[in-house]
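Working notes for the structure below.
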Number of protein chains: 2
Amino acid sequence: MEANGPELRRDRLAGRWVIVAPERLGRPIDFHPVVHAARPSSSRTCPLCPGHEKHTPPESFALRPRRSAPDGPGWRVRAIPNKFPALGREDRGAMGHAGLPFPSLPGIGAHEVVVDTPEHGREWADLPLGQVRAVLEVYRHRMAALGQAVPVRFIQLFKNKGREAGASLSHSHSQIIAMPVVPDDAAREAARAKREMVRTGRCPYCLMIEEEKKAGSRLIALDRHFAAFVPFAARFPYETRIVPLRHAAEFRTASDEELAALAGTALKVLTRMKERLGDPPYNIVLRQAPLVRSAAFHWSLDILPVLTHIAGFELGTGMFINPVRPEASARELRR
Amino acid sequence: MEANGPELRRDRLAGRWVIVAPERLGRPIDFHPVVHAARPSSSRTCPLCPGHEKHTPPESFALRPRRSAPDGPGWRVRAIPNKFPALGREDRGAMGHAGLPFPSLPGIGAHEVVVDTPEHGREWADLPLGQVRAVLEVYRHRMAALGQAVPVRFIQLFKNKGREAGASLSHSHSQIIAMPVVPDDAAREAARAKREMVRTGRCPYCLMIEEEKKAGSRLIALDRHFAAFVPFAARFPYETRIVPLRHAAEFRTASDEELAALAGTALKVLTRMKERLGDPPYNIVLRQAPLVRSAAFHWSLDILPVLTHIAGFELGTGMFINPVRPEASARELRR
C-alpha cells in the first residue's frame with residue numbers, strides 16, 4: 001500500500017524510531033550542489049598502493065603469491081595495522097581520571113586497514129567478483145584473528161567510500177576496529193533479541209527474513225544463501241541489508257560458498273547504486289553479535305549510501321528522518 | 001594530565017562510549033578539501049526573507065511591531081509551520097501494516113521553522129545580543145505552545161548552519177519537531193538520571209556541573225546562570241554544552257534573565273568558533289527532558305561544529321571517535 005503522509009516506523013530490535021517523510025524530498029535547496037572532491041590524479045603518493053608498502057606498518061596478513069615477500073608488491077588484498085589508530089595495542093597511560101563522574105578506560109584494542117585491491121582508483125563496483133570474494137575472505141581471517149585477543153569484546157568492520165562518507169584516503173580500503181567494550185546499542189540489541197528468542201522460541205532475525213520474503217515489497221535480491229532488502233525502518237534512502245539465510249551470529253562462521261554468494265549480492269546492489277543513484281559515497285557496515293555468547297543474533301552486511309546529511313535532529317534524538325519510503329527504495333534497486 | 005594515547009570515555013548518563021584518539025589527527029588526507037558551497041548571491045528567491053511571507057504557510061507566531069499585519073514584513077523573528085514537514089498535524093493513513101514484526105505509528109506531530117533574523121546572510125555570530133535573545137524567547141514560546149498538544153511526548157529543537165551540517169536553506173533558521181514518541185536515547189537517559197537521583201539523593205547533572213567547575217580543564221565560560229564546557233565524553237572536536245546552573249528539566253521554564261545570559265554565552269562560544277575554527281558549519285541541539293514527569297534532568301544548549309564526518313564506525317556502533325581531547329578543545333575555546 002502506498003501513501004504519502006509521514007509515518008513513524010520502529011526497528012524493534014535496534015530499539016529505534018525512524019520518521020519516514022517522503023514530502024521532505026520536495027523541499028527547496030538554495031545551496032549550490034556540493035562539489036565532489038576529485039580523486040588525486042596519480043597514485044604516486046598513495047600509501048596504500050603497491051610499491052609503497054614501507055609507508056605502512058608491516059602487514060598482519062596478505063593474499064599474495066607463495067614466493068612473494070611480505071611488505072612488498074604482488075599482493076591481491078593486504079591487511080595492515082592502522083598507522084593512526086583509534087585504539088592501540090598497549091596502555092600508554094592516557095587516563096588522568098578515575099571513577100565517577102568521569103569513567104574512562106585505556107584505549108586498548110586494534111585498528112586494522114584492509115586494502116581491497118592493488119589498483120588505485122577502482123572501487124568495489126569496478127572489481128571482478130573474485131576480488132570482492134578475496135576481500136571478504138580477508139575480513140573473515142582478520143575478524144577471527146582479532147577476536148582471539150583477550151580484552152576484545154566487540155569488532156566493528158566498516159568501509160567508507162568517498163570523502164562525504166568519511167574516507168580520508170581514496171584508495172579502496174576497509175577498516176576493522178576491535179575494542180574492549182561492547183557498544184551500548186549492540187549490547188541492548190543482543191539482549192532484546194535474546195528475550196524475544198526466549199519468549200517465542202524463535203530467532204527474531206530468522207522471523208524477520210521470513211516476513212520480508214513474504215511481504216516482498218522491500219526485497220531486492222534473494223538466492224540460496226542471502227536476502228538483500230531495504231529494512232522496514234531504514235534510516236537512509238536506499239539503505240540495504242544483506243543477511244545470511246542461515247542462522248549465524250558472527251561473520252567468521254561464514255563458509256567459502258557463502259562468501260562467494262555474498263560477493264555476488266553485494267556487487268549487484270553496489271552496481272545498481274552506482275548506475276541509478278549517480279555513484280554516491282557510501283558506508284558499508286558489517287553488523288554482528290558482541291563477542292560474548294549471543295546465540296540470538298544474525299550478522300549482516302549493510303550498505304548505506306550517503307545522500308542526506310546527519311544533522312541536528314539526528315544528533316539530538318538518535319532518530320532519523322528518511323525522505324524515501326523503504327518500499328520505494330527497494331523498488332528502485334530491484335528493477 | 002596530558003597524554004596522547006587513545007582513551008575510551010564513558011558518558012554514563014547518555015549511556016555511550018566515546019574513543020578519544022588524538023593521533024587520528026595526524027593521518028594523511030588525499031582528497032582535495034571539500035569546496036564549501038557559497039551562499040546564493042541574492043535573497044530574491046529565499047522563502048524566508050521579508051516580503052516573501054506568502055511563500056511559507058501562515059505564521060504561528062512572530063515578534064513584530066504592534067501595528068504590522070501577520071504574514072507581512074516588519075517581523076524580528078518569525079515562526080512558521082514547515083512547508084515540507086517531517087511530521088504532520090493529521091493522520092493521513094500512511095500505515096499499511098500493523099503489529100509485529102513491522103510496528104509503526106501515523107506520523108502525527110508538528111514541525112515548525114523559526115526564522116532567526118530578517119537579514120539574509122547573517123548568522124548568529126553576526127547578530128546583536130538582543131536579536132539572539134529574541135530568538136530564544138520565540139523558542140520558549142513555541143516549545144511551550146507545542147508541548148500543550150495532546151499526543152506530543154517529546155520536542156526536539158535544533159539548528160543546522162551550513163550545507164555540511166544538513167541545512168537546505170542558507171537563511172539563518174532553526175527547527176522544532178514535536179513528536180508523539182520519546183526517542184529511545186532520551187527515555188533511557190531520563191531513566192538513568194532518575195535512578196541516580198533516587199540512589200544518591202542528588203541530581204546527577206547538578207553534580208556534573210559542580211565537578212566540571214572543580215576540574216576546570218574543560219570549562220569555557222561561567223557566569224551566574226550558565227556554565228559552558230566541553231563534555232568529558234564529547235563526541236566531536238570543540239563540542240560545547242551550555243547548561244543552566246539552576247536545576248531545570250525543560251527549556252520553557254527559563255526566565256527572561258536566563259535567556260539574556262544564554263544569548264551572551266552562546267554568542268561568546270560561536271564567535272570564538274568562527275574566529276578560531278574557520279567559520280565551520282555547525283549544529284545546535286537543545287537537549288531537554290521528555291514531556292513526562294522527569295525531575296532528574298537538566299536541559300542544555302549543545303553546539304556541535306561539523307569538522308569531521310560521521311562514517312561507518314559511528315553508524316555501526318553508535319559510538320564516536322573524537323580526534324581532539326575535550327580538554328584541548330576547551331583550552332582552544334577558552335583563551
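Labeling convention for the C-alpha cells: chains A, B, ... as they appear, residues from 1 per chain, ligands from 1 in order of appearance.
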Least-squares superpose chain A onto chain B - every C-alpha atom, paired in order - and show me the moved coordinates as an mmCIF file with C-alpha atoms, in the first residue's frame.
data_model
loop_
_atom_site.group_PDB
_atom_site.id
_atom_site.type_symbol
_atom_site.label_atom_id
_atom_site.label_comp_id
_atom_site.auth_asym_id
_atom_site.auth_seq_id
_atom_site.Cartn_x
_atom_site.Cartn_y
_atom_site.Cartn_z
ATOM 1 C CA MET A 1 47.131 15.603 32.961
ATOM 2 C CA GLU A 2 48.019 15.371 29.290
ATOM 3 C CA ALA A 3 48.702 12.137 27.452
ATOM 4 C CA ASN A 4 48.407 11.160 23.845
ATOM 5 C CA GLY A 5 47.367 7.526 23.885
ATOM 6 C CA PRO A 6 43.817 6.680 22.916
ATOM 7 C CA GLU A 7 41.231 6.520 25.651
ATOM 8 C CA LEU A 8 37.690 5.246 26.008
ATOM 9 C CA ARG A 9 35.488 7.708 27.830
ATOM 10 C CA ARG A 10 32.008 7.002 29.004
ATOM 11 C CA ASP A 11 29.076 9.401 29.088
ATOM 12 C CA ARG A 12 27.285 7.481 31.765
ATOM 13 C CA LEU A 13 24.032 9.397 31.542
ATOM 14 C CA ALA A 14 23.773 9.164 27.762
ATOM 15 C CA GLY A 15 24.966 5.554 28.025
ATOM 16 C CA ARG A 16 27.648 5.911 25.391
ATOM 17 C CA TRP A 17 31.338 5.176 24.957
ATOM 18 C CA VAL A 18 33.492 7.622 23.019
ATOM 19 C CA ILE A 19 37.004 6.894 21.736
ATOM 20 C CA VAL A 20 39.320 9.854 22.231
ATOM 21 C CA ALA A 21 42.148 9.304 19.743
ATOM 22 C CA PRO A 22 44.324 12.394 19.224
ATOM 23 C CA GLU A 23 46.695 10.534 16.924
ATOM 24 C CA ARG A 24 43.947 10.274 14.320
ATOM 25 C CA LEU A 25 44.543 13.959 13.608
ATOM 26 C CA GLY A 26 47.908 13.170 12.034
ATOM 27 C CA ARG A 27 46.555 10.908 9.329
ATOM 28 C CA PRO A 28 47.050 11.904 5.693
ATOM 29 C CA ILE A 29 44.113 13.023 3.597
ATOM 30 C CA ASP A 30 44.466 12.595 -0.138
ATOM 31 C CA PHE A 31 41.140 14.072 -1.122
ATOM 32 C CA HIS A 32 41.009 17.672 -2.174
ATOM 33 C CA PRO A 33 39.448 19.828 0.513
ATOM 34 C CA VAL A 34 35.689 20.004 0.421
ATOM 35 C CA VAL A 35 34.616 23.009 -1.586
ATOM 36 C CA HIS A 36 32.158 24.861 0.587
ATOM 37 C CA ALA A 37 29.012 25.837 -1.212
ATOM 38 C CA ALA A 38 28.806 29.590 -1.539
ATOM 39 C CA ARG A 39 25.737 31.431 -0.329
ATOM 40 C CA PRO A 40 23.405 32.442 -3.090
ATOM 41 C CA SER A 41 24.319 35.945 -4.099
ATOM 42 C CA SER A 42 20.879 37.374 -3.557
ATOM 43 C CA SER A 43 17.865 36.837 -1.369
ATOM 44 C CA ARG A 44 15.450 37.274 -4.269
ATOM 45 C CA THR A 45 14.300 33.670 -4.218
ATOM 46 C CA CYS A 46 14.721 32.991 -0.499
ATOM 47 C CA PRO A 47 11.390 31.879 1.011
ATOM 48 C CA LEU A 48 12.474 33.023 4.481
ATOM 49 C CA CYS A 49 13.206 36.671 3.555
ATOM 50 C CA PRO A 50 10.888 39.586 4.428
ATOM 51 C CA GLY A 51 8.487 40.281 1.573
ATOM 52 C CA HIS A 52 8.249 36.571 0.753
ATOM 53 C CA GLU A 53 5.939 35.656 3.620
ATOM 54 C CA LYS A 54 3.341 34.308 1.207
ATOM 55 C CA HIS A 55 5.774 31.599 0.115
ATOM 56 C CA THR A 56 5.513 29.977 3.541
ATOM 57 C CA PRO A 57 2.501 28.678 5.473
ATOM 58 C CA PRO A 58 0.856 31.357 7.684
ATOM 59 C CA GLU A 59 2.973 32.223 10.712
ATOM 60 C CA SER A 60 2.230 30.553 14.034
ATOM 61 C CA PHE A 61 3.955 33.332 15.961
ATOM 62 C CA ALA A 62 6.110 36.383 15.294
ATOM 63 C CA LEU A 63 7.865 39.130 17.150
ATOM 64 C CA ARG A 64 6.660 42.136 15.183
ATOM 65 C CA PRO A 65 5.563 45.750 15.855
ATOM 66 C CA ARG A 66 2.056 46.063 17.253
ATOM 67 C CA ARG A 67 0.633 47.559 14.048
ATOM 68 C CA SER A 68 2.239 45.253 11.498
ATOM 69 C CA ALA A 69 -0.013 42.610 9.963
ATOM 70 C CA PRO A 70 0.747 38.897 10.256
ATOM 71 C CA ASP A 71 2.447 37.343 7.242
ATOM 72 C CA GLY A 72 3.817 40.644 6.036
ATOM 73 C CA PRO A 73 7.227 42.260 6.586
ATOM 74 C CA GLY A 74 8.284 44.021 9.790
ATOM 75 C CA TRP A 75 8.949 40.980 12.002
ATOM 76 C CA ARG A 76 12.130 40.463 14.021
ATOM 77 C CA VAL A 77 11.723 36.693 14.480
ATOM 78 C CA ARG A 78 9.080 34.588 12.745
ATOM 79 C CA ALA A 79 7.804 31.053 13.442
ATOM 80 C CA ILE A 80 6.030 29.136 10.669
ATOM 81 C CA PRO A 81 4.916 25.564 10.084
ATOM 82 C CA ASN A 82 7.443 23.753 7.898
ATOM 83 C CA LYS A 83 6.050 23.548 4.358
ATOM 84 C CA PHE A 84 7.755 20.163 3.977
ATOM 85 C CA PRO A 85 7.168 18.662 7.400
ATOM 86 C CA ALA A 86 8.753 15.553 8.883
ATOM 87 C CA LEU A 87 5.601 15.105 10.964
ATOM 88 C CA GLY A 88 2.153 16.448 10.065
ATOM 89 C CA ARG A 89 -0.813 17.696 12.047
ATOM 90 C CA GLU A 90 -3.191 14.971 10.993
ATOM 91 C CA ASP A 91 -3.243 11.272 10.271
ATOM 92 C CA ARG A 92 -3.293 10.736 6.542
ATOM 93 C CA GLY A 93 -3.298 6.996 6.667
ATOM 94 C CA ALA A 94 0.301 6.288 5.858
ATOM 95 C CA MET A 95 0.308 2.977 7.678
ATOM 96 C CA GLY A 96 -0.187 -0.085 5.600
ATOM 97 C CA HIS A 97 0.986 -2.556 8.205
ATOM 98 C CA ALA A 98 -0.007 -3.283 11.737
ATOM 99 C CA GLY A 99 1.660 -5.113 14.539
ATOM 100 C CA LEU A 100 4.738 -7.277 14.688
ATOM 101 C CA PRO A 101 7.197 -7.612 13.157
ATOM 102 C CA PHE A 102 6.593 -4.229 11.496
ATOM 103 C CA PRO A 103 5.380 -1.783 14.156
ATOM 104 C CA SER A 104 4.576 1.740 13.031
ATOM 105 C CA LEU A 105 2.533 4.795 14.008
ATOM 106 C CA PRO A 106 0.950 7.593 11.991
ATOM 107 C CA GLY A 107 3.403 10.486 11.649
ATOM 108 C CA ILE A 108 1.414 12.991 13.704
ATOM 109 C CA GLY A 109 3.092 15.917 15.398
ATOM 110 C CA ALA A 110 4.393 19.310 14.382
ATOM 111 C CA HIS A 111 7.391 20.659 12.515
ATOM 112 C CA GLU A 112 8.000 24.401 12.733
ATOM 113 C CA VAL A 113 10.684 26.702 11.384
ATOM 114 C CA VAL A 114 11.910 29.709 13.364
ATOM 115 C CA VAL A 115 13.429 32.369 11.117
ATOM 116 C CA ASP A 116 16.187 33.790 13.309
ATOM 117 C CA THR A 117 16.519 37.174 11.608
ATOM 118 C CA PRO A 118 15.029 39.100 8.686
ATOM 119 C CA GLU A 119 18.552 39.641 7.354
ATOM 120 C CA HIS A 120 19.590 37.120 4.729
ATOM 121 C CA GLY A 121 23.223 36.069 5.042
ATOM 122 C CA ARG A 122 23.731 36.903 8.732
ATOM 123 C CA GLU A 123 24.366 34.085 11.148
ATOM 124 C CA TRP A 124 24.092 34.052 14.950
ATOM 125 C CA ALA A 125 27.720 35.118 15.359
ATOM 126 C CA ASP A 126 26.912 38.214 13.231
ATOM 127 C CA LEU A 127 23.784 39.201 15.176
ATOM 128 C CA PRO A 128 23.486 41.596 18.120
ATOM 129 C CA LEU A 129 22.815 40.025 21.497
ATOM 130 C CA GLY A 130 19.251 41.364 21.587
ATOM 131 C CA GLN A 131 18.381 39.514 18.384
ATOM 132 C CA VAL A 132 19.687 36.178 19.678
ATOM 133 C CA ARG A 133 17.789 36.763 22.923
ATOM 134 C CA ALA A 134 14.639 37.380 20.853
ATOM 135 C CA VAL A 135 15.200 34.089 19.015
ATOM 136 C CA LEU A 136 15.488 32.276 22.361
ATOM 137 C CA GLU A 137 12.251 33.913 23.508
ATOM 138 C CA VAL A 138 10.492 32.593 20.421
ATOM 139 C CA TYR A 139 11.959 29.141 21.114
ATOM 140 C CA ARG A 140 10.487 29.284 24.610
ATOM 141 C CA HIS A 141 7.098 30.410 23.342
ATOM 142 C CA ARG A 142 6.853 27.785 20.607
ATOM 143 C CA MET A 143 8.101 24.927 22.777
ATOM 144 C CA ALA A 144 5.552 25.791 25.461
ATOM 145 C CA ALA A 145 2.761 26.055 22.873
ATOM 146 C CA LEU A 146 3.654 22.857 21.006
ATOM 147 C CA GLY A 147 4.024 20.991 24.291
ATOM 148 C CA GLN A 148 0.328 21.613 25.009
ATOM 149 C CA ALA A 149 -0.817 19.424 22.126
ATOM 150 C CA VAL A 150 -2.102 16.129 23.419
ATOM 151 C CA PRO A 151 -0.102 13.477 21.614
ATOM 152 C CA VAL A 152 3.202 15.348 21.971
ATOM 153 C CA ARG A 153 5.638 13.463 24.186
ATOM 154 C CA PHE A 154 8.936 14.938 23.064
ATOM 155 C CA ILE A 155 10.143 18.152 21.441
ATOM 156 C CA GLN A 156 13.454 18.459 19.633
ATOM 157 C CA LEU A 157 14.696 21.933 18.758
ATOM 158 C CA PHE A 158 17.742 22.179 16.536
ATOM 159 C CA LYS A 159 19.572 24.452 14.142
ATOM 160 C CA ASN A 160 21.630 23.359 11.138
ATOM 161 C CA LYS A 161 24.063 26.009 9.927
ATOM 162 C CA GLY A 162 25.735 25.301 6.601
ATOM 163 C CA ARG A 163 25.221 22.630 3.977
ATOM 164 C CA GLU A 164 27.587 20.139 5.622
ATOM 165 C CA ALA A 165 25.577 20.470 8.823
ATOM 166 C CA GLY A 166 22.435 19.477 6.934
ATOM 167 C CA ALA A 167 20.862 22.860 6.167
ATOM 168 C CA SER A 168 18.916 23.113 2.929
ATOM 169 C CA LEU A 169 18.328 26.879 3.181
ATOM 170 C CA SER A 170 21.113 29.348 3.915
ATOM 171 C CA HIS A 171 18.901 31.995 5.575
ATOM 172 C CA SER A 172 19.535 31.579 9.317
ATOM 173 C CA HIS A 173 16.748 29.479 10.825
ATOM 174 C CA SER A 174 16.004 26.874 13.474
ATOM 175 C CA GLN A 175 13.571 23.959 13.545
ATOM 176 C CA ILE A 176 11.286 22.438 16.154
ATOM 177 C CA ILE A 177 9.868 18.939 15.802
ATOM 178 C CA ALA A 178 7.173 17.860 18.265
ATOM 179 C CA MET A 179 6.532 14.134 18.258
ATOM 180 C CA PRO A 180 4.222 11.511 19.711
ATOM 181 C CA VAL A 181 7.022 9.213 20.860
ATOM 182 C CA VAL A 182 10.008 9.629 23.162
ATOM 183 C CA PRO A 183 13.296 8.805 21.409
ATOM 184 C CA ASP A 184 14.814 5.728 22.999
ATOM 185 C CA ASP A 185 18.027 7.575 23.821
ATOM 186 C CA ALA A 186 16.157 10.286 25.728
ATOM 187 C CA ALA A 187 13.915 7.804 27.536
ATOM 188 C CA ARG A 188 16.930 5.812 28.690
ATOM 189 C CA GLU A 189 18.869 8.897 29.744
ATOM 190 C CA ALA A 190 15.925 10.161 31.797
ATOM 191 C CA ALA A 191 15.515 6.742 33.408
ATOM 192 C CA ARG A 192 19.211 6.534 34.250
ATOM 193 C CA ALA A 193 19.221 10.027 35.733
ATOM 194 C CA LYS A 194 16.185 9.214 37.834
ATOM 195 C CA ARG A 195 17.798 6.043 39.181
ATOM 196 C CA GLU A 196 20.895 8.044 40.126
ATOM 197 C CA MET A 197 18.790 10.669 41.843
ATOM 198 C CA VAL A 198 16.968 8.018 43.853
ATOM 199 C CA ARG A 199 20.240 6.302 44.723
ATOM 200 C CA THR A 200 22.270 9.354 45.688
ATOM 201 C CA GLY A 201 19.612 11.903 46.582
ATOM 202 C CA ARG A 202 21.165 14.385 44.163
ATOM 203 C CA CYS A 203 20.548 15.394 40.542
ATOM 204 C CA PRO A 204 23.425 13.851 38.561
ATOM 205 C CA TYR A 205 23.549 16.846 36.211
ATOM 206 C CA CYS A 206 23.905 19.271 39.128
ATOM 207 C CA LEU A 207 26.724 17.037 40.352
ATOM 208 C CA MET A 208 28.347 17.010 36.908
ATOM 209 C CA ILE A 209 28.285 20.809 36.717
ATOM 210 C CA GLU A 210 29.919 21.002 40.132
ATOM 211 C CA GLU A 211 32.611 18.543 39.089
ATOM 212 C CA GLU A 212 33.264 20.440 35.843
ATOM 213 C CA LYS A 213 33.671 23.664 37.795
ATOM 214 C CA LYS A 214 36.051 21.911 40.171
ATOM 215 C CA ALA A 215 38.098 20.274 37.375
ATOM 216 C CA GLY A 216 38.177 23.460 35.306
ATOM 217 C CA SER A 217 40.061 21.823 32.422
ATOM 218 C CA ARG A 218 36.997 21.562 30.195
ATOM 219 C CA LEU A 219 35.346 24.811 31.254
ATOM 220 C CA ILE A 220 34.910 27.574 28.644
ATOM 221 C CA ALA A 221 32.719 30.144 30.360
ATOM 222 C CA LEU A 222 30.849 30.566 33.622
ATOM 223 C CA ASP A 223 28.497 33.227 34.909
ATOM 224 C CA ARG A 224 25.671 33.498 37.399
ATOM 225 C CA HIS A 225 23.285 31.481 35.247
ATOM 226 C CA PHE A 226 25.212 29.199 32.885
ATOM 227 C CA ALA A 227 28.290 27.038 32.587
ATOM 228 C CA ALA A 228 29.746 26.329 29.140
ATOM 229 C CA PHE A 229 32.099 23.371 28.896
ATOM 230 C CA VAL A 230 33.307 20.625 26.580
ATOM 231 C CA PRO A 231 31.677 17.417 27.881
ATOM 232 C CA PHE A 232 34.073 14.841 29.346
ATOM 233 C CA ALA A 233 32.988 12.300 26.710
ATOM 234 C CA ALA A 234 32.393 14.806 23.882
ATOM 235 C CA ARG A 235 31.585 13.109 20.589
ATOM 236 C CA PHE A 236 33.090 15.852 18.428
ATOM 237 C CA PRO A 237 36.006 18.281 18.471
ATOM 238 C CA TYR A 238 35.006 21.536 20.193
ATOM 239 C CA GLU A 239 31.565 20.211 21.105
ATOM 240 C CA THR A 240 30.258 22.643 23.700
ATOM 241 C CA ARG A 241 27.453 22.249 26.236
ATOM 242 C CA ILE A 242 25.821 25.312 27.766
ATOM 243 C CA VAL A 243 23.828 24.276 30.807
ATOM 244 C CA PRO A 244 21.803 26.277 33.337
ATOM 245 C CA LEU A 245 23.165 26.222 36.881
ATOM 246 C CA ARG A 246 19.588 26.189 38.122
ATOM 247 C CA HIS A 247 18.087 22.706 38.242
ATOM 248 C CA ALA A 248 15.597 22.791 35.334
ATOM 249 C CA ALA A 249 14.406 19.932 33.143
ATOM 250 C CA GLU A 250 12.600 21.895 30.435
ATOM 251 C CA PHE A 251 13.594 24.928 28.387
ATOM 252 C CA ARG A 252 10.171 26.545 28.682
ATOM 253 C CA THR A 253 10.890 27.259 32.367
ATOM 254 C CA ALA A 254 13.834 29.569 31.538
ATOM 255 C CA SER A 255 13.413 33.135 32.852
ATOM 256 C CA ASP A 256 13.950 36.290 30.776
ATOM 257 C CA GLU A 257 17.155 36.904 32.683
ATOM 258 C CA GLU A 258 18.353 33.389 31.927
ATOM 259 C CA LEU A 259 17.586 33.788 28.226
ATOM 260 C CA ALA A 260 19.620 36.999 28.113
ATOM 261 C CA ALA A 261 22.534 35.237 29.812
ATOM 262 C CA LEU A 262 22.211 32.252 27.474
ATOM 263 C CA ALA A 263 22.304 34.543 24.433
ATOM 264 C CA GLY A 264 25.508 36.086 25.750
ATOM 265 C CA THR A 265 27.225 32.758 26.414
ATOM 266 C CA ALA A 266 26.120 31.238 23.099
ATOM 267 C CA LEU A 267 27.398 34.278 21.195
ATOM 268 C CA LYS A 268 30.712 34.127 23.038
ATOM 269 C CA VAL A 269 31.208 30.472 22.094
ATOM 270 C CA LEU A 270 30.017 30.911 18.501
ATOM 271 C CA THR A 271 32.210 33.974 17.951
ATOM 272 C CA ARG A 272 35.273 32.051 19.128
ATOM 273 C CA MET A 273 34.374 29.104 16.913
ATOM 274 C CA LYS A 274 34.016 31.454 13.955
ATOM 275 C CA GLU A 275 37.364 33.155 14.641
ATOM 276 C CA ARG A 276 39.395 30.119 15.642
ATOM 277 C CA LEU A 277 37.937 27.215 13.709
ATOM 278 C CA GLY A 278 37.459 28.942 10.356
ATOM 279 C CA ASP A 279 33.692 29.610 10.506
ATOM 280 C CA PRO A 280 32.703 25.934 10.406
ATOM 281 C CA PRO A 281 29.230 24.580 9.740
ATOM 282 C CA TYR A 282 27.575 23.566 13.011
ATOM 283 C CA ASN A 283 24.503 22.070 14.617
ATOM 284 C CA ILE A 284 22.813 23.451 17.695
ATOM 285 C CA VAL A 285 20.840 20.878 19.652
ATOM 286 C CA LEU A 286 18.570 21.846 22.527
ATOM 287 C CA ARG A 287 18.517 18.884 24.893
ATOM 288 C CA GLN A 288 15.662 18.656 27.348
ATOM 289 C CA ALA A 289 13.645 16.102 29.266
ATOM 290 C CA PRO A 290 10.846 14.099 27.674
ATOM 291 C CA LEU A 291 7.476 15.791 28.276
ATOM 292 C CA VAL A 292 6.547 13.363 30.976
ATOM 293 C CA ARG A 293 7.472 13.907 34.584
ATOM 294 C CA SER A 294 11.281 13.892 34.493
ATOM 295 C CA ALA A 295 12.504 15.785 37.541
ATOM 296 C CA ALA A 296 16.007 14.395 37.198
ATOM 297 C CA PHE A 297 17.019 16.172 34.036
ATOM 298 C CA HIS A 298 18.854 19.300 33.047
ATOM 299 C CA TRP A 299 18.244 20.949 29.713
ATOM 300 C CA SER A 300 21.227 22.270 27.761
ATOM 301 C CA LEU A 301 22.074 24.027 24.537
ATOM 302 C CA ASP A 302 24.734 21.993 22.732
ATOM 303 C CA ILE A 303 26.813 23.470 19.910
ATOM 304 C CA LEU A 304 28.421 20.887 17.619
ATOM 305 C CA PRO A 305 30.834 22.174 14.959
ATOM 306 C CA VAL A 306 30.921 19.940 11.889
ATOM 307 C CA LEU A 307 34.625 19.278 11.349
ATOM 308 C CA THR A 308 34.598 15.518 10.948
ATOM 309 C CA HIS A 309 32.330 13.102 9.111
ATOM 310 C CA ILE A 310 30.001 10.607 10.687
ATOM 311 C CA ALA A 311 31.115 7.409 9.005
ATOM 312 C CA GLY A 312 30.886 3.643 9.081
ATOM 313 C CA PHE A 313 32.219 3.223 12.589
ATOM 314 C CA GLU A 314 29.722 5.640 14.088
ATOM 315 C CA LEU A 315 26.828 4.217 12.068
ATOM 316 C CA GLY A 316 27.765 0.689 13.046
ATOM 317 C CA THR A 317 28.341 1.179 16.741
ATOM 318 C CA GLY A 318 26.528 4.340 17.827
ATOM 319 C CA MET A 319 29.900 5.291 19.330
ATOM 320 C CA PHE A 320 32.092 8.183 18.195
ATOM 321 C CA ILE A 321 35.811 8.737 17.599
ATOM 322 C CA ASN A 322 36.871 12.204 18.740
ATOM 323 C CA PRO A 323 40.362 13.152 17.480
ATOM 324 C CA VAL A 324 40.625 16.187 19.767
ATOM 325 C CA ARG A 325 40.822 15.675 23.531
ATOM 326 C CA PRO A 326 37.964 17.548 25.224
ATOM 327 C CA GLU A 327 40.491 19.364 27.416
ATOM 328 C CA ALA A 328 42.369 20.560 24.302
ATOM 329 C CA SER A 329 39.084 21.707 22.717
ATOM 330 C CA ALA A 330 38.198 23.644 25.840
ATOM 331 C CA ARG A 331 41.644 25.221 26.049
ATOM 332 C CA GLU A 332 41.326 26.504 22.484
ATOM 333 C CA LEU A 333 37.839 27.913 23.061
ATOM 334 C CA ARG A 334 38.653 29.327 26.470
ATOM 335 C CA ARG A 335 41.624 31.514 25.627
#
Write out as a ChimeraX atom specification the set of residues from range 51-203 of chain A that DSSP, computed on the backbone, places in strand (DSSP E). /A:61-63,77-81,104-106,110-115,154-161,173-179
Export, as a CSV table (one decimal), in the first residue's frame, the selected residues with C-alpha atoms.
chain,number,residue,atom,x,y,z
A,61,PHE,CA,48.1,-10.7,6.7
A,62,ALA,CA,48.0,-10.7,2.9
A,63,LEU,CA,46.7,-12.7,0.0
A,77,VAL,CA,44.5,-8.0,-0.7
A,78,ARG,CA,46.6,-6.7,2.2
A,79,ALA,CA,45.8,-6.1,5.9
A,80,ILE,CA,47.9,-3.7,7.9
A,81,PRO,CA,47.7,-2.1,11.3
A,104,SER,CA,37.2,6.0,31.4
A,105,LEU,CA,39.3,3.1,30.2
A,106,PRO,CA,42.6,2.9,28.5
A,110,ALA,CA,43.3,-3.0,17.5
A,111,HIS,CA,42.6,-0.9,14.4
A,112,GLU,CA,43.5,-2.5,11.0
A,113,VAL,CA,43.1,-1.4,7.4
A,114,VAL,CA,42.3,-3.9,4.7
A,115,VAL,CA,43.4,-2.7,1.3
A,154,PHE,CA,33.4,-6.3,20.1
A,155,ILE,CA,34.6,-6.0,16.5
A,156,GLN,CA,33.3,-3.4,14.1
A,157,LEU,CA,34.2,-3.7,10.4
A,158,PHE,CA,33.3,-0.9,8.1
A,159,LYS,CA,34.2,0.7,4.8
A,160,ASN,CA,33.9,4.5,4.0
A,161,LYS,CA,33.8,5.2,0.3
A,173,HIS,CA,40.0,0.1,1.7
A,174,SER,CA,38.1,-1.2,4.7
A,175,GLN,CA,38.7,-0.8,8.4
A,176,ILE,CA,38.4,-3.2,11.4
A,177,ILE,CA,38.3,-1.9,15.0
A,178,ALA,CA,38.5,-4.4,17.8
A,179,MET,CA,37.5,-3.0,21.2
Determine which residues of range 80-288 of chain A receive a DSSP assignment of alpha helix (DSSP H), computed from the backbone, and state them as a VMD selection string. chain A and resid 129 to 147 184 to 200 204 to 215 256 to 276
